[in-house]
Structure formats: structure tokens, C-alpha cells
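Following: one structure in C-alpha cells, then a few remarks.
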Amino acid sequence: MSGVPVRPTPEARIDDADATLGEPEWEIVPNYQDAEDGDSTWTLRARDQAGLDRAENLIKEAIMNAGRMSHVGFLTMPDRSTFPRIVGVKGSNVARLRNETGAEIIVSRENSTIVIIGKFQSSS
């Protein structure tokens, strides 16, 4: 899936290689840490002006929303067998978490990593 942040390559350590075998891994990194600066050119096409205006507004809203997301979390499971419990029936758990937190949650179909993009809020 294009546009989905890629998990940074973890540093390999020989002394703890067996300690995390079979355990979920959680990593959180600042959003846009490897983003390139610059402008992008978008070409929008629609059947009519109203459709073009809707598309433009949706893109502007998505860009503003993405700018508010300060961190990206990567939850990597040892295998995909636990995904049904995490995702919920027809995605109900993911939908509830999206509604409660405003975070974007992307469940990969290619690997065993779930990507969470959101605004970091301290608990203090």
C-alpha cells in the first residue's frame, strides 16, 4: 500500500535475540521523520465542477489531518493468527479505536504489522 509509513529497520542485537522470540513488538517513531521537503503537483479530474470541488476539499482535509498526526506506531505480531482478535468482527475493534482516538489504523495484508498513525498525548 503506497503512502503507508515503513517500519524502521530495528538494530540487531545478539544478546537479546532469543528474548523477544514469539513476542509482539511495539515501536513508535515521529511522523514524517524521513519525509522529503518540497511541493507536489496534483491533477484532479471529475465529471463536473461539483465533483472536482468535493475531491479538492477531501484532499485538503486529508492533508490537514495528516499534519496533525505526530507519531507512527508499528505493532508487529509474531504471526497473523492474533489479527482477528485485534481487528474484531468485521473490523469493529479497529473502527472503535479510530473513532475514540482519531488515529489512522492500517492492518497490513502483506505482513504481520499493524500501523497506527496519530497524535501523541502524554498521560500526565
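Residues in the C-alpha cells are named by chain (A, B, ... in the order shown) and by number from 1 within that chain; ligands are numbered from 1 in the order shown.
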
Might you pull out every residue within 12 Å of A:Asp79, with only C-alpha atoms counted and same-chain residues fewer than 5 positions away left off, and present them as a short mmCIF file (atom, residue, chain, number, x, y, z; two decimals) with C-alpha atoms, in the first residue's frame?
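Listed below is the output, result_32.cif:
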```
data_model
loop_
_atom_site.label_atom_id
_atom_site.label_comp_id
_atom_site.auth_asym_id
_atom_site.auth_seq_id
_atom_site.Cartn_x
_atom_site.Cartn_y
_atom_site.Cartn_z
CA LEU A 21 11.15 -14.59 20.00
CA GLY A 22 7.41 -15.03 19.64
CA GLU A 23 6.56 -11.78 21.44
CA PRO A 24 4.75 -8.83 19.87
CA GLU A 25 6.97 -5.83 19.12
CA PRO A 84 -8.89 -11.49 14.12
CA SER A 108 -1.40 -4.93 6.57
CA ARG A 109 -2.40 -7.76 4.27
CA GLU A 110 1.23 -8.43 3.31
CA ASN A 111 2.88 -8.87 6.70
CA SER A 112 2.16 -9.10 10.43
CA THR A 113 2.49 -5.38 11.22
CA ILE A 114 -0.33 -3.01 12.14
#
```

Identify, with DSSP run on backbone atoms, the residues in stretch 22-77 of chain A assigned to strand (DSSP E), and express the list as number ranges by chain. A: 25-30, 71-76

Shell around A:Phe83 at 9 Å using only C-alpha atoms, local window under 5 positions removed, as a ChimeraX atom specification: /A:77,88,107,112

Residues from last step as file, C-alpha atoms, as a PDB file, in the first residue's frame:
```
ATOM      1  CA  MET A  77       2.896  -9.680  15.860  1.00  0.00           C
ATOM      2  CA  GLY A  88     -12.668  -7.581  15.690  1.00  0.00           C
ATOM      3  CA  VAL A 107      -3.843  -3.544   9.104  1.00  0.00           C
ATOM      4  CA  SER A 112       2.158  -9.105  10.426  1.00  0.00           C
TER       5      SER A 112
END
```

Just asking: which residues within stretch 18-124 of chain A are alpha helix (DSSP H) according to DSSP, as a ChimeraX atom specification? /A:49-68,83-87,92-101

Selection export as a CSV table (one decimal), in the first residue's frame, atoms kept: C-alpha atoms:
```
chain,number,residue,atom,x,y,z
A,49,GLN,CA,-17.2,21.1,-11.2
A,50,ALA,CA,-19.1,19.9,-8.1
A,51,GLY,CA,-17.2,16.6,-8.2
A,52,LEU,CA,-13.9,18.4,-8.7
A,53,ASP,CA,-14.7,20.7,-5.7
A,54,ARG,CA,-15.5,17.7,-3.5
A,55,ALA,CA,-12.3,15.9,-4.4
A,56,GLU,CA,-10.2,19.0,-3.8
A,57,ASN,CA,-11.8,19.6,-0.4
A,58,LEU,CA,-11.3,15.9,0.6
A,59,ILE,CA,-7.6,16.1,-0.3
A,60,LYS,CA,-7.1,19.4,1.6
A,61,GLU,CA,-8.9,17.9,4.6
A,62,ALA,CA,-6.7,14.7,4.4
A,63,ILE,CA,-3.5,16.8,4.2
A,64,MET,CA,-4.6,18.9,7.3
A,65,ASN,CA,-5.4,15.8,9.2
A,66,ALA,CA,-2.1,14.1,8.3
A,67,GLY,CA,-0.3,17.3,9.5
A,68,ARG,CA,-1.8,16.9,13.0
A,83,PHE,CA,-5.2,-10.4,13.9
A,84,PRO,CA,-8.9,-11.5,14.1
A,85,ARG,CA,-9.0,-10.7,17.8
A,86,ILE,CA,-7.2,-7.4,17.3
A,87,VAL,CA,-9.3,-6.3,14.3
A,92,SER,CA,-15.3,-3.5,14.9
A,93,ASN,CA,-12.3,-3.1,17.2
A,94,VAL,CA,-10.3,-1.1,14.7
A,95,ALA,CA,-13.4,1.1,13.9
A,96,ARG,CA,-14.0,1.8,17.6
A,97,LEU,CA,-10.3,2.7,18.2
A,98,ARG,CA,-10.4,5.0,15.2
A,99,ASN,CA,-13.5,6.8,16.5
A,100,GLU,CA,-12.2,7.0,20.1
A,101,THR,CA,-8.7,8.2,19.2
```

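Put simply, atom CA of A:Asn31 is 7.8 Å away from atom CA of A:Ile117.
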
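The spacing separating atom CA of A:Val29 from atom CA of A:Phe74 amounts to 8.5 Å.
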